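model04.txt, holding compact mmCIF, C-alpha atoms (C1' of nucleotides):
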# COMPACT_ATOMS: atom_id res chain seq x y z
CA MET A 214 0.00 0.00 0.00
CA GLY A 215 1.91 2.98 -1.19
CA ALA A 216 -0.75 5.62 -0.83
CA ASN A 217 -0.94 8.36 1.73
CA SER A 218 -3.63 7.28 4.11
CA ARG A 219 -2.08 9.30 6.88
CA VAL A 220 -4.68 12.05 6.78
CA THR A 221 -7.38 9.40 6.98
CA VAL A 222 -5.86 7.58 9.91
CA ALA A 223 -5.06 10.80 11.73
CA ALA A 224 -8.58 12.16 11.30
CA HIS A 225 -9.95 8.82 12.41
CA ALA A 226 -7.79 8.83 15.53
CA LEU A 227 -8.67 12.39 16.48
CA THR A 228 -12.37 11.83 15.95
CA TRP A 229 -12.21 8.66 17.99
CA ILE A 230 -10.49 10.43 20.87
CA GLY A 231 -13.03 13.22 20.70
CA LEU A 232 -15.98 10.88 20.88
CA TYR A 233 -14.36 8.84 23.63
CA GLN A 234 -13.75 11.92 25.72
CA ARG A 235 -17.25 13.15 25.09
CA ARG A 236 -18.44 9.91 26.60
CA GLY A 237 -16.68 10.72 29.84
CA HIS A 238 -13.22 9.24 29.52
CA GLU A 239 -10.14 11.33 30.10
CA VAL A 240 -7.67 9.75 27.74
CA ALA A 241 -7.61 7.14 25.00
CA THR A 242 -4.81 4.65 24.52
CA SER A 243 -3.03 3.93 21.29
CA GLU A 244 -4.16 0.35 21.71
CA GLN A 245 -7.83 1.32 21.65
CA ILE A 246 -7.38 3.64 18.70
CA ALA A 247 -5.40 1.03 16.80
CA THR A 248 -8.22 -1.45 17.28
CA SER A 249 -10.71 0.97 15.76
CA VAL A 250 -8.43 1.90 12.90
CA ASN A 251 -7.37 -1.71 12.46
CA THR A 252 -3.65 -1.15 12.55
CA ASN A 253 -0.72 -1.40 14.91
CA PRO A 254 -0.50 0.71 18.10
CA VAL A 255 2.96 1.90 17.10
CA VAL A 256 1.61 3.27 13.85
CA VAL A 257 -0.95 5.23 15.84
CA ARG A 258 1.64 6.51 18.27
CA ARG A 259 3.93 7.63 15.48
CA LEU A 260 1.12 9.53 13.85
CA LEU A 261 -0.16 11.04 17.09
CA ALA A 262 3.35 12.20 17.86
CA GLN A 263 3.18 14.34 14.72
CA LEU A 264 -0.20 15.66 15.74
CA ARG A 265 1.21 16.53 19.14
CA LYS A 266 3.97 18.58 17.49
CA ALA A 267 1.21 20.47 15.72
CA GLY A 268 -0.54 21.10 19.01
CA LEU A 269 -3.60 19.02 18.29
CA VAL A 270 -3.22 16.39 21.00
CA ASP A 271 -1.39 15.84 24.25
CA SER A 272 -0.10 12.63 25.76
CA ARG A 273 0.34 11.45 29.32
CA ARG A 274 2.87 8.89 30.34
CA GLY A 275 3.00 6.53 33.27
CA ALA A 276 0.14 4.42 34.50
CA GLY A 277 -3.28 5.48 33.26
CA ALA A 278 -1.59 7.16 30.37
CA GLY A 279 -3.02 7.93 26.96
CA TRP A 280 -3.96 10.67 24.55
CA ALA A 281 -6.26 13.65 24.90
CA LEU A 282 -7.27 16.40 22.50
CA SER A 283 -5.57 19.76 22.95
CA ARG A 284 -8.24 21.52 20.93
CA ASP A 285 -11.90 20.76 20.60
CA LEU A 286 -13.23 18.98 17.54
CA PRO A 287 -15.03 22.05 16.13
CA THR A 288 -11.73 23.95 16.00
CA ILE A 289 -9.79 21.27 14.13
CA THR A 290 -10.12 21.18 10.35
CA LEU A 291 -8.88 18.64 7.88
CA LEU A 292 -6.36 21.28 6.86
CA ASP A 293 -4.87 21.18 10.35
CA VAL A 294 -4.57 17.43 10.05
CA TYR A 295 -3.13 17.68 6.57
CA GLU A 296 -0.51 20.19 7.59
CA ALA A 297 0.46 18.18 10.63
CA VAL A 298 0.87 14.98 8.76
CA GLU A 299 1.71 15.63 5.13
CA PRO A 300 5.25 16.82 4.63
CA GLY A 301 5.74 17.93 1.03
CA PRO A 302 3.78 19.52 -1.78
CA ILE A 303 1.57 17.47 -4.06
CA PHE A 304 3.33 18.17 -7.32
CA ALA A 305 7.08 18.11 -7.59
CA LEU A 306 9.19 19.90 -10.12
CA HIS A 307 11.82 18.14 -12.17
CA PRO A 308 13.82 15.28 -10.64
CA ALA A 309 16.95 16.74 -12.26
CA THR A 310 17.32 20.37 -13.20
CA PRO A 311 16.42 20.68 -16.88
CA ASP A 312 18.78 21.94 -19.54
CA PRO A 313 19.06 25.69 -18.88
CA GLU A 314 20.40 26.35 -22.36
CA ARG A 315 16.99 25.79 -23.90
CA VAL A 316 14.16 28.27 -23.53
CA VAL A 317 11.74 25.71 -22.21
CA GLY A 318 14.20 23.99 -19.92
CA HIS A 319 15.19 27.31 -18.46
CA GLY A 320 11.86 28.87 -17.69
CA ILE A 321 9.29 26.16 -17.20
CA ALA A 322 9.96 25.31 -13.56
CA PRO A 323 9.01 28.74 -12.16
CA VAL A 324 5.95 28.95 -14.40
CA LEU A 325 4.67 25.56 -13.29
CA GLY A 326 5.56 26.45 -9.72
CA VAL A 327 3.09 29.32 -9.81
CA ALA A 328 0.36 27.03 -11.10
CA TYR A 329 1.15 24.44 -8.44
CA ASP A 330 0.94 27.10 -5.75
CA GLY A 331 -2.54 27.91 -6.93
CA VAL A 332 -3.50 24.27 -6.73
CA GLU A 333 -2.14 23.96 -3.22
CA THR A 334 -4.05 27.05 -2.17
CA ALA A 335 -7.29 25.69 -3.56
CA LEU A 336 -6.68 22.33 -1.94
CA ARG A 337 -6.03 23.92 1.43
CA ALA A 338 -9.11 26.08 1.24
CA GLU A 339 -11.21 23.04 0.51
CA LEU A 340 -9.67 21.04 3.36
CA ALA A 341 -10.29 23.93 5.74
CA ARG A 342 -14.01 23.74 5.05
CA THR A 343 -14.45 20.51 6.99
CA THR A 344 -14.00 20.33 10.76
CA LEU A 345 -13.69 17.14 12.72
CA GLU A 346 -16.93 18.13 14.41
CA ASP A 347 -18.54 17.95 10.97
CA VAL A 348 -17.04 14.53 10.48
CA LEU A 349 -18.28 13.26 13.83
CA ARG A 350 -21.75 14.70 13.33
CA GLU A 351 -22.12 13.16 9.90
CA LEU A 352 -20.93 9.77 10.96
CA LEU A 353 -23.23 9.75 13.98
CA GLN A 354 -26.15 10.65 11.73
CA GLN A 355 -25.16 7.92 9.36
CA ALA A 356 -25.07 5.08 11.89
CA PRO A 357 -27.35 5.86 14.81
CA MET B 161 13.26 11.00 -5.56
CA GLY B 162 9.93 9.62 -4.64
CA ALA B 163 7.76 12.52 -5.67
CA ASN B 164 5.41 12.73 -8.57
CA SER B 165 7.14 14.92 -11.07
CA ARG B 166 5.26 13.27 -13.87
CA VAL B 167 2.94 16.20 -14.44
CA THR B 168 5.95 18.48 -14.59
CA VAL B 169 7.86 16.34 -17.05
CA ALA B 170 4.78 15.72 -19.19
CA ALA B 171 3.92 19.42 -19.35
CA HIS B 172 7.53 20.18 -20.18
CA ALA B 173 7.55 17.63 -22.98
CA LEU B 174 4.30 18.84 -24.50
CA THR B 175 5.33 22.46 -24.34
CA TRP B 176 8.65 21.61 -25.91
CA ILE B 177 6.99 19.75 -28.76
CA GLY B 178 4.60 22.64 -29.28
CA LEU B 179 7.37 25.21 -29.50
CA TYR B 180 9.45 22.98 -31.74
CA GLN B 181 6.56 22.47 -34.12
CA ARG B 182 5.79 26.17 -34.08
CA ARG B 183 9.32 26.73 -35.29
CA GLY B 184 8.65 24.64 -38.37
CA HIS B 185 9.56 21.10 -37.45
CA GLU B 186 7.11 18.27 -37.94
CA VAL B 187 8.05 15.96 -35.11
CA ALA B 188 10.27 15.92 -32.05
CA THR B 189 12.25 12.91 -30.91
CA SER B 190 12.33 11.53 -27.41
CA GLU B 191 16.05 12.12 -27.49
CA GLN B 192 15.63 15.85 -27.99
CA ILE B 193 12.95 16.13 -25.35
CA ALA B 194 15.00 14.11 -22.90
CA THR B 195 17.91 16.49 -23.39
CA SER B 196 15.74 19.46 -22.48
CA VAL B 197 14.14 17.72 -19.53
CA ASN B 198 17.49 16.27 -18.49
CA THR B 199 16.42 12.69 -18.23
CA ASN B 200 16.49 9.44 -20.16
CA PRO B 201 14.74 9.06 -23.54
CA VAL B 202 12.98 5.95 -22.31
CA VAL B 203 11.42 7.91 -19.46
CA VAL B 204 10.10 10.40 -21.99
CA ARG B 205 8.75 7.68 -24.25
CA ARG B 206 6.99 5.96 -21.36
CA LEU B 207 5.35 9.20 -20.36
CA LEU B 208 4.44 10.22 -23.90
CA ALA B 209 2.88 6.80 -24.39
CA GLN B 210 0.44 7.67 -21.63
CA LEU B 211 -0.24 11.03 -23.20
CA ARG B 212 -0.92 9.29 -26.49
CA LYS B 213 -3.51 7.08 -24.82
CA ALA B 214 -5.17 10.28 -23.64
CA GLY B 215 -5.16 11.63 -27.18
CA LEU B 216 -2.75 14.47 -26.56
CA VAL B 217 0.11 13.37 -28.83
CA ASP B 218 0.76 11.05 -31.72
CA SER B 219 3.90 9.16 -32.61
CA ARG B 220 5.42 8.08 -35.89
CA ARG B 221 7.73 5.14 -36.21
CA GLY B 222 10.45 4.31 -38.67
CA ALA B 223 13.07 6.70 -39.99
CA GLY B 224 12.30 10.35 -39.40
CA ALA B 225 10.03 9.30 -36.60
CA GLY B 226 9.08 11.27 -33.52
CA TRP B 227 6.23 12.85 -31.65
CA ALA B 228 3.67 15.47 -32.65
CA LEU B 229 0.85 17.14 -30.78
CA SER B 230 -2.65 15.84 -31.47
CA ARG B 231 -4.22 18.97 -30.04
CA ASP B 232 -3.00 22.53 -30.04
CA LEU B 233 -1.40 24.02 -26.95
CA PRO B 234 -4.32 26.38 -26.19
CA THR B 235 -6.68 23.40 -25.92
CA ILE B 236 -4.54 21.40 -23.50
CA THR B 237 -4.83 22.23 -19.82
CA LEU B 238 -2.79 21.02 -16.88
CA LEU B 239 -5.87 19.04 -15.93
CA ASP B 240 -5.60 17.07 -19.16
CA VAL B 241 -1.98 16.34 -18.36
CA TYR B 242 -2.84 15.42 -14.79
CA GLU B 243 -5.58 13.04 -15.82
CA ALA B 244 -3.40 11.42 -18.43
CA VAL B 245 -0.52 10.86 -16.12
CA GLU B 246 -1.70 10.61 -12.55
CA PRO B 247 -3.48 7.35 -11.82
CA GLY B 248 -5.03 7.46 -8.36
CA PRO B 249 -6.63 9.97 -6.03
CA ILE B 250 -4.55 12.16 -3.76
CA PHE B 251 -5.87 10.96 -0.45
CA ALA B 252 -6.37 7.29 0.24
CA LEU B 253 -8.73 5.80 2.73
CA HIS B 254 -7.65 3.24 5.29
CA PRO B 255 -4.96 0.69 4.40
CA ALA B 256 -7.04 -1.96 6.18
CA THR B 257 -10.77 -1.74 6.67
CA PRO B 258 -11.38 -0.32 10.14
CA ASP B 259 -13.26 -2.12 12.86
CA PRO B 260 -16.91 -1.99 11.74
CA GLU B 261 -18.18 -2.74 15.24
CA ARG B 262 -17.32 0.74 16.43
CA VAL B 263 -19.28 3.78 15.40
CA VAL B 264 -16.25 5.65 14.15
CA GLY B 265 -14.66 2.70 12.42
CA HIS B 266 -17.87 1.97 10.64
CA GLY B 267 -18.82 5.34 9.27
CA ILE B 268 -15.73 7.46 8.87
CA ALA B 269 -14.57 6.21 5.50
CA PRO B 270 -17.62 7.40 3.55
CA VAL B 271 -17.64 10.73 5.37
CA LEU B 272 -14.00 11.40 4.59
CA GLY B 273 -14.57 10.16 1.06
CA VAL B 274 -17.05 12.98 0.48
CA ALA B 275 -14.56 15.53 1.75
CA TYR B 276 -11.81 14.08 -0.43
CA ASP B 277 -14.07 14.27 -3.45
CA GLY B 278 -14.52 17.96 -2.80
CA VAL B 279 -10.77 18.40 -2.62
CA GLU B 280 -10.26 16.56 -5.88
CA THR B 281 -12.90 18.71 -7.53
CA ALA B 282 -11.25 21.91 -6.37
CA LEU B 283 -7.85 20.67 -7.45
CA ARG B 284 -9.11 19.76 -10.89
CA ALA B 285 -10.83 23.10 -11.34
CA GLU B 286 -7.61 24.87 -10.48
CA LEU B 287 -5.54 22.74 -12.84
CA ALA B 288 -8.02 23.39 -15.63
CA ARG B 289 -7.39 27.12 -15.39
CA THR B 290 -3.92 26.86 -16.93
CA THR B 291 -3.39 25.88 -20.55
CA LEU B 292 -0.06 24.90 -22.03
CA GLU B 293 -0.38 27.97 -24.21
CA ASP B 294 -0.36 30.00 -20.99
CA VAL B 295 2.73 28.15 -19.87
CA LEU B 296 4.52 28.74 -23.16
CA ARG B 297 3.56 32.42 -23.27
CA GLU B 298 4.74 33.04 -19.75
CA LEU B 299 8.03 31.28 -20.17
CA LEU B 300 8.72 33.13 -23.42
CA GLN B 301 8.02 36.42 -21.65
CA GLN B 302 10.27 35.42 -18.85
CA ALA B 303 13.36 34.58 -20.93
CA PRO B 304 13.27 36.50 -24.21
C1' DC C 117 18.64 -2.66 -47.50
C1' DT C 118 20.11 0.77 -44.45
C1' DT C 119 18.96 3.55 -40.83
C1' DA C 120 16.90 6.14 -37.23
C1' DA C 121 13.61 6.18 -34.14
C1' DT C 122 9.69 4.10 -31.52
C1' DG C 123 7.82 0.30 -28.38
C1' DT C 124 8.70 -2.45 -24.46
C1' DA C 125 10.57 -5.66 -21.43
C1' DA C 126 13.72 -6.31 -17.77
C1' DC C 127 16.38 -4.89 -14.23
C1' DC C 128 18.51 -1.80 -10.57
C1' DA C 129 18.55 1.89 -7.10
C1' DC C 130 16.24 4.59 -3.98
C1' DA C 131 12.73 6.40 -1.12
C1' DA C 132 8.19 6.24 1.21
C1' DT C 133 4.85 3.75 3.68
C1' DA C 134 3.08 0.48 6.84
C1' DG C 135 3.69 -3.13 9.84
C1' DT C 136 6.16 -5.44 13.57
C1' DT C 137 9.26 -6.46 17.52
C1' DA C 138 11.73 -4.87 21.22
C1' DC C 139 12.91 -2.24 24.94
C1' DG C 140 13.79 1.93 27.64
C1' DT C 141 11.17 5.53 30.23
C1' DC C 142 7.82 7.55 32.86
C1' DA C 143 4.26 8.36 36.48
C1' DA C 144 0.12 6.84 38.98
C1' DC C 145 -1.25 3.91 42.54
C1' DC C 146 -1.48 0.31 45.82
C1' DG D 143 9.00 2.29 46.73
C1' DG D 144 8.08 -1.24 43.79
C1' DT D 145 4.59 -2.68 40.37
C1' DT D 146 2.45 -1.71 36.29
C1' DG D 147 0.50 0.08 32.19
C1' DA D 148 1.28 2.88 28.51
C1' DC D 149 4.10 6.08 25.95
C1' DG D 150 8.56 7.01 23.10
C1' DT D 151 11.52 5.30 19.75
C1' DA D 152 14.83 2.63 17.44
C1' DA D 153 15.41 -1.04 14.28
C1' DC D 154 14.08 -4.16 11.02
C1' DT D 155 11.16 -6.16 7.21
C1' DA D 156 8.01 -6.15 3.26
C1' DT D 157 5.82 -3.81 -0.30
C1' DT D 158 5.27 -0.32 -3.62
C1' DG D 159 6.17 3.61 -6.65
C1' DT D 160 9.33 6.23 -9.23
C1' DG D 161 13.06 7.11 -12.11
C1' DG D 162 17.03 5.59 -14.54
C1' DT D 163 19.36 2.33 -17.57
C1' DT D 164 20.33 -1.35 -20.91
C1' DA D 165 18.84 -4.11 -24.47
C1' DC D 166 16.50 -5.44 -28.35
C1' DA D 167 12.64 -6.19 -31.55
C1' DT D 168 9.80 -3.37 -34.69
C1' DT D 169 8.76 -0.05 -37.93
C1' DA D 170 8.85 2.88 -42.10
C1' DA D 171 11.29 6.45 -44.82
C1' DG D 172 14.81 6.91 -48.13
Spell out the structure here as structure tokens.
Amino acid sequence: MGANSRVTVAAHALTWIGLYQRRGHEVATSEQIATSVNTNPVVVRRLLAQLRKAGLVDSRRGAGAGWALSRDLPTITLLDVYEAVEPGPIFALHPATPDPERVVGHGIAPVLGVAYDGVETALRAELARTTLEDVLRELLQQAP
Amino acid sequence: MGANSRVTVAAHALTWIGLYQRRGHEVATSEQIATSVNTNPVVVRRLLAQLRKAGLVDSRRGAGAGWALSRDLPTITLLDVYEAVEPGPIFALHPATPDPERVVGHGIAPVLGVAYDGVETALRAELARTTLEDVLRELLQQAP
DNA sequence: CTTAATGTAACCACAATAGTTACGTCAACC
DNA sequence: GGTTGACGTAACTATTGTGGTTACATTAAG
């Protein structure tokens, strides 16, 4: 599986923690989250560590440890998740710098870069439209 | 380099062919294009083969062979290139199907799928705004 | 028939992703 | 203060995608 399911898993984990806390629990363990996501606890911990760097979750150690949200679900958008978890841009420029002697080889990278920036901007704006509260609400409506 | 520079290389190749034809030549060889892109001719041929399937270029074989545009630069957008060259969606859902017994595990995939569809739509709309004629015009302005 | 280029297969190198095991570290709680 | 449960992380494997390279059959113009 070589696709980037990190946004999916991260959003899943955060939503799960949010619902779990809303039901009265203080923290959720990576074990519980991994069971819901159907993956390994270490994978969850690695991902949550990135989300912690972004200030979305906090972790406690020791006995009774686990993960808690740092921000409420309505204030977290898919863009926040995306930025926390996805490192690079979607489109890359050339693997090797093209021949600068030619007109096309010389000038095409900056021109495409501008277009790619526009795409990234549009993508971010669209991701920012959905909060994790939206996600939770819709999935609770869907399976009551 | 594990990034998807295929759109970049494909757009580069098409623009190069367009300019070359505009200067009076009938076809461009993968060798020439590869020199401008600074890569291997086989890489160019593999990519142009995909663009041919999408109806953007045609190839001739035999002596004096090479590649020619099937459509003019003003009618080719970055979206056409993207669709011809990029196979899957940007965001993937879960690697393994999540635990359907839990509320979150059961319903989150469709909910995120809707959001991802919106992102793809926005991305496509943005890519469609730039034609290869735009690209050529801007890069000719930039390095006259 | 020569020749120049496409059309592909096959292989290698490299990086990203996900999964897994293992173990050190921490802090609550009896 | 030791036990314990969970985090924090390193290390390794397997799989996949991407790009580069070599090699060679195929094609059609001249």
Name the residues in contact with Leu345 in chain A at a cut-off of 8 Å, using all atoms listed in the file, excluding same-chain residues fewer than 4 positions from it; report them as number ranges by chain.
-> A: 224, 227-228, 286-291, 349
Please dump the current selection as a PDB file, in the frame of the given file; keep C-alpha atoms.
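Listing of selection.pdb after writing:
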ATOM      1  CA  ALA A 224      -8.580  12.160  11.300  1.00  0.00           C
ATOM      2  CA  LEU A 227      -8.670  12.390  16.480  1.00  0.00           C
ATOM      3  CA  THR A 228     -12.370  11.830  15.950  1.00  0.00           C
ATOM      4  CA  LEU A 286     -13.230  18.980  17.540  1.00  0.00           C
ATOM      5  CA  PRO A 287     -15.030  22.050  16.130  1.00  0.00           C
ATOM      6  CA  THR A 288     -11.730  23.950  16.000  1.00  0.00           C
ATOM      7  CA  ILE A 289      -9.790  21.270  14.130  1.00  0.00           C
ATOM      8  CA  THR A 290     -10.120  21.180  10.350  1.00  0.00           C
ATOM      9  CA  LEU A 291      -8.880  18.640   7.880  1.00  0.00           C
ATOM     10  CA  LEU A 349     -18.280  13.260  13.830  1.00  0.00           C
TER      11      LEU A 349
END
Using all atoms listed in the file, which residues sit within 10 Å of Glu339 in chain A once same-chain residues fewer than 6 positions away are excluded, as a list in words?
-> Leu291, Leu292 and Glu333 of chain A; Ala275, Tyr276, Gly278, Val279, Glu280, Thr281, Ala282 and Leu283 of chain B
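For the set B:Ala173, B:Ala256, B:Ala209, B:Tyr180, the residue with the smallest atom-to-atom gap to Ile193 in chain B is B:Ala173, counting all atoms listed in the file.
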Compile the residues of chain D that lie within 8 Å of chain A, evaluated using only C-alpha atoms (C1' of nucleotides), and express the compilation as a PyMOL selection string.
-> chain D and resi 146-149+157-159
Could you please select, counting only C-alpha atoms (C1' of nucleotides), the residues of chain C within 10 Å of chain A and state them as an MDAnalysis selection string?
-> chainID C and resid 132:136 141:145
Tell me, in Å to one decimal, how far CA of Pro249 in chain B is from CA of Leu325 in chain A.
->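 Value for the CA of Pro249 in chain B-CA of Leu325 in chain A distance: 20.6 Å.
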Please determine the contact residues of chain B with respect to chain A at a cut-off of 7 Å, counting all atoms listed in the file, and supply them as a tab-separated table (two decimals) with C-alpha atoms, keeping the file's coordinate frame.
chain	number	residue	atom	x	y	z
B	161	MET	CA	13.26	11.00	-5.56
B	163	ALA	CA	7.76	12.52	-5.67
B	164	ASN	CA	5.41	12.73	-8.57
B	165	SER	CA	7.14	14.92	-11.07
B	168	THR	CA	5.95	18.48	-14.59
B	169	VAL	CA	7.86	16.34	-17.05
B	172	HIS	CA	7.53	20.18	-20.18
B	176	TRP	CA	8.65	21.61	-25.91
B	195	THR	CA	17.91	16.49	-23.39
B	196	SER	CA	15.74	19.46	-22.48
B	197	VAL	CA	14.14	17.72	-19.53
B	198	ASN	CA	17.49	16.27	-18.49
B	251	PHE	CA	-5.87	10.96	-0.45
B	252	ALA	CA	-6.37	7.29	0.24
B	253	LEU	CA	-8.73	5.80	2.73
B	254	HIS	CA	-7.65	3.24	5.29
B	255	PRO	CA	-4.96	0.69	4.40
B	256	ALA	CA	-7.04	-1.96	6.18
B	257	THR	CA	-10.77	-1.74	6.67
B	258	PRO	CA	-11.38	-0.32	10.14
B	259	ASP	CA	-13.26	-2.12	12.86
B	262	ARG	CA	-17.32	0.74	16.43
B	263	VAL	CA	-19.28	3.78	15.40
B	264	VAL	CA	-16.25	5.65	14.15
B	265	GLY	CA	-14.66	2.70	12.42
B	267	GLY	CA	-18.82	5.34	9.27
B	268	ILE	CA	-15.73	7.46	8.87
B	271	VAL	CA	-17.64	10.73	5.37
B	278	GLY	CA	-14.52	17.96	-2.80
B	279	VAL	CA	-10.77	18.40	-2.62
B	282	ALA	CA	-11.25	21.91	-6.37
B	283	LEU	CA	-7.85	20.67	-7.45
B	286	GLU	CA	-7.61	24.87	-10.48
B	287	LEU	CA	-5.54	22.74	-12.84
B	295	VAL	CA	2.73	28.15	-19.87
B	298	GLU	CA	4.74	33.04	-19.75
B	299	LEU	CA	8.03	31.28	-20.17
B	302	GLN	CA	10.27	35.42	-18.85
B	303	ALA	CA	13.36	34.58	-20.93
re CA of Tyr295 in chain A and CA of Gly268 in chain A: distance 13.2 Å
How many Å separate CA of Arg265 in chain A from C1' of DG140 in chain C?
->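 Between CA of Arg265 in chain A and C1' of DG140 in chain C the gap works out to 21.1 Å.
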Report chain A as a compact mmCIF listing (two decimals) with C-alpha atoms, in the frame of the given file in the frame of chain B, after least-squares superposition over all C-alpha atoms paired in order.
# COMPACT_ATOMS: atom_id res chain seq x y z
CA MET A 214 13.30 10.92 -5.60
CA GLY A 215 9.96 9.59 -4.61
CA ALA A 216 7.79 12.49 -5.63
CA ASN A 217 5.43 12.69 -8.53
CA SER A 218 7.16 14.87 -11.05
CA ARG A 219 5.27 13.24 -13.86
CA VAL A 220 2.93 16.16 -14.43
CA THR A 221 5.95 18.45 -14.59
CA VAL A 222 7.86 16.32 -17.05
CA ALA A 223 4.79 15.71 -19.18
CA ALA A 224 3.92 19.40 -19.35
CA HIS A 225 7.52 20.17 -20.16
CA ALA A 226 7.56 17.62 -22.98
CA LEU A 227 4.31 18.82 -24.49
CA THR A 228 5.33 22.46 -24.33
CA TRP A 229 8.66 21.61 -25.89
CA ILE A 230 7.01 19.77 -28.76
CA GLY A 231 4.61 22.65 -29.27
CA LEU A 232 7.36 25.22 -29.48
CA TYR A 233 9.45 22.99 -31.72
CA GLN A 234 6.58 22.51 -34.12
CA ARG A 235 5.81 26.19 -34.07
CA ARG A 236 9.34 26.74 -35.26
CA GLY A 237 8.66 24.68 -38.35
CA HIS A 238 9.58 21.13 -37.44
CA GLU A 239 7.14 18.30 -37.93
CA VAL A 240 8.06 15.98 -35.10
CA ALA A 241 10.30 15.96 -32.05
CA THR A 242 12.29 12.95 -30.92
CA SER A 243 12.36 11.54 -27.43
CA GLU A 244 16.09 12.13 -27.50
CA GLN A 245 15.66 15.87 -28.00
CA ILE A 246 12.97 16.13 -25.36
CA ALA A 247 15.03 14.10 -22.90
CA THR A 248 17.93 16.48 -23.37
CA SER A 249 15.74 19.45 -22.49
CA VAL A 250 14.16 17.71 -19.54
CA ASN A 251 17.50 16.26 -18.50
CA THR A 252 16.42 12.67 -18.23
CA ASN A 253 16.52 9.44 -20.17
CA PRO A 254 14.78 9.07 -23.57
CA VAL A 255 13.00 5.96 -22.34
CA VAL A 256 11.47 7.90 -19.48
CA VAL A 257 10.15 10.40 -22.00
CA ARG A 258 8.79 7.69 -24.26
CA ARG A 259 7.04 5.96 -21.40
CA LEU A 260 5.39 9.19 -20.38
CA LEU A 261 4.47 10.20 -23.92
CA ALA A 262 2.91 6.80 -24.42
CA GLN A 263 0.46 7.67 -21.63
CA LEU A 264 -0.22 11.02 -23.21
CA ARG A 265 -0.89 9.29 -26.51
CA LYS A 266 -3.49 7.07 -24.84
CA ALA A 267 -5.16 10.26 -23.67
CA GLY A 268 -5.14 11.62 -27.20
CA LEU A 269 -2.73 14.45 -26.57
CA VAL A 270 0.11 13.38 -28.84
CA ASP A 271 0.76 11.07 -31.75
CA SER A 272 3.91 9.19 -32.65
CA ARG A 273 5.41 8.12 -35.95
CA ARG A 274 7.68 5.17 -36.31
CA GLY A 275 10.32 4.34 -38.86
CA ALA A 276 12.95 6.71 -40.13
CA GLY A 277 12.26 10.38 -39.45
CA ALA A 278 10.03 9.32 -36.63
CA GLY A 279 9.09 11.29 -33.55
CA TRP A 280 6.25 12.89 -31.65
CA ALA A 281 3.70 15.48 -32.66
CA LEU A 282 0.86 17.16 -30.79
CA SER A 283 -2.63 15.86 -31.48
CA ARG A 284 -4.21 18.98 -30.04
CA ASP A 285 -2.97 22.52 -30.05
CA LEU A 286 -1.38 24.01 -26.95
CA PRO A 287 -4.30 26.37 -26.19
CA THR A 288 -6.66 23.39 -25.93
CA ILE A 289 -4.53 21.39 -23.50
CA THR A 290 -4.83 22.21 -19.81
CA LEU A 291 -2.81 20.99 -16.89
CA LEU A 292 -5.88 18.99 -15.95
CA ASP A 293 -5.60 17.05 -19.19
CA VAL A 294 -1.99 16.31 -18.36
CA TYR A 295 -2.85 15.39 -14.80
CA GLU A 296 -5.58 13.01 -15.83
CA ALA A 297 -3.39 11.39 -18.44
CA VAL A 298 -0.52 10.82 -16.13
CA GLU A 299 -1.71 10.57 -12.54
CA PRO A 300 -3.45 7.31 -11.79
CA GLY A 301 -5.03 7.46 -8.34
CA PRO A 302 -6.63 9.97 -6.02
CA ILE A 303 -4.56 12.18 -3.76
CA PHE A 304 -5.88 10.98 -0.44
CA ALA A 305 -6.40 7.32 0.27
CA LEU A 306 -8.76 5.82 2.77
CA HIS A 307 -7.65 3.29 5.33
CA PRO A 308 -4.95 0.75 4.44
CA ALA A 309 -7.03 -1.92 6.21
CA THR A 310 -10.76 -1.69 6.69
CA PRO A 311 -11.36 -0.27 10.16
CA ASP A 312 -13.25 -2.07 12.89
CA PRO A 313 -16.90 -1.95 11.77
CA GLU A 314 -18.15 -2.71 15.26
CA ARG A 315 -17.28 0.77 16.45
CA VAL A 316 -19.27 3.82 15.43
CA VAL A 317 -16.25 5.69 14.19
CA GLY A 318 -14.65 2.75 12.45
CA HIS A 319 -17.88 2.01 10.69
CA GLY A 320 -18.84 5.37 9.33
CA ILE A 321 -15.75 7.48 8.91
CA ALA A 322 -14.59 6.23 5.52
CA PRO A 323 -17.66 7.41 3.57
CA VAL A 324 -17.68 10.75 5.39
CA LEU A 325 -14.04 11.42 4.60
CA GLY A 326 -14.62 10.18 1.07
CA VAL A 327 -17.10 12.99 0.49
CA ALA A 328 -14.60 15.55 1.75
CA TYR A 329 -11.86 14.08 -0.43
CA ASP A 330 -14.13 14.27 -3.46
CA GLY A 331 -14.56 17.95 -2.81
CA VAL A 332 -10.82 18.40 -2.64
CA GLU A 333 -10.30 16.55 -5.89
CA THR A 334 -12.94 18.68 -7.56
CA ALA A 335 -11.29 21.88 -6.39
CA LEU A 336 -7.89 20.63 -7.46
CA ARG A 337 -9.16 19.74 -10.92
CA ALA A 338 -10.86 23.07 -11.38
CA GLU A 339 -7.65 24.84 -10.50
CA LEU A 340 -5.58 22.69 -12.86
CA ALA A 341 -8.05 23.35 -15.66
CA ARG A 342 -7.40 27.07 -15.39
CA THR A 343 -3.94 26.83 -16.92
CA THR A 344 -3.39 25.85 -20.55
CA LEU A 345 -0.07 24.87 -22.02
CA GLU A 346 -0.38 27.96 -24.19
CA ASP A 347 -0.37 29.98 -20.97
CA VAL A 348 2.72 28.13 -19.85
CA LEU A 349 4.54 28.73 -23.13
CA ARG A 350 3.57 32.39 -23.23
CA GLU A 351 4.74 33.02 -19.69
CA LEU A 352 8.02 31.27 -20.14
CA LEU A 353 8.72 33.12 -23.38
CA GLN A 354 8.00 36.41 -21.63
CA GLN A 355 10.26 35.40 -18.82
CA ALA A 356 13.33 34.61 -20.92
CA PRO A 357 13.24 36.55 -24.16
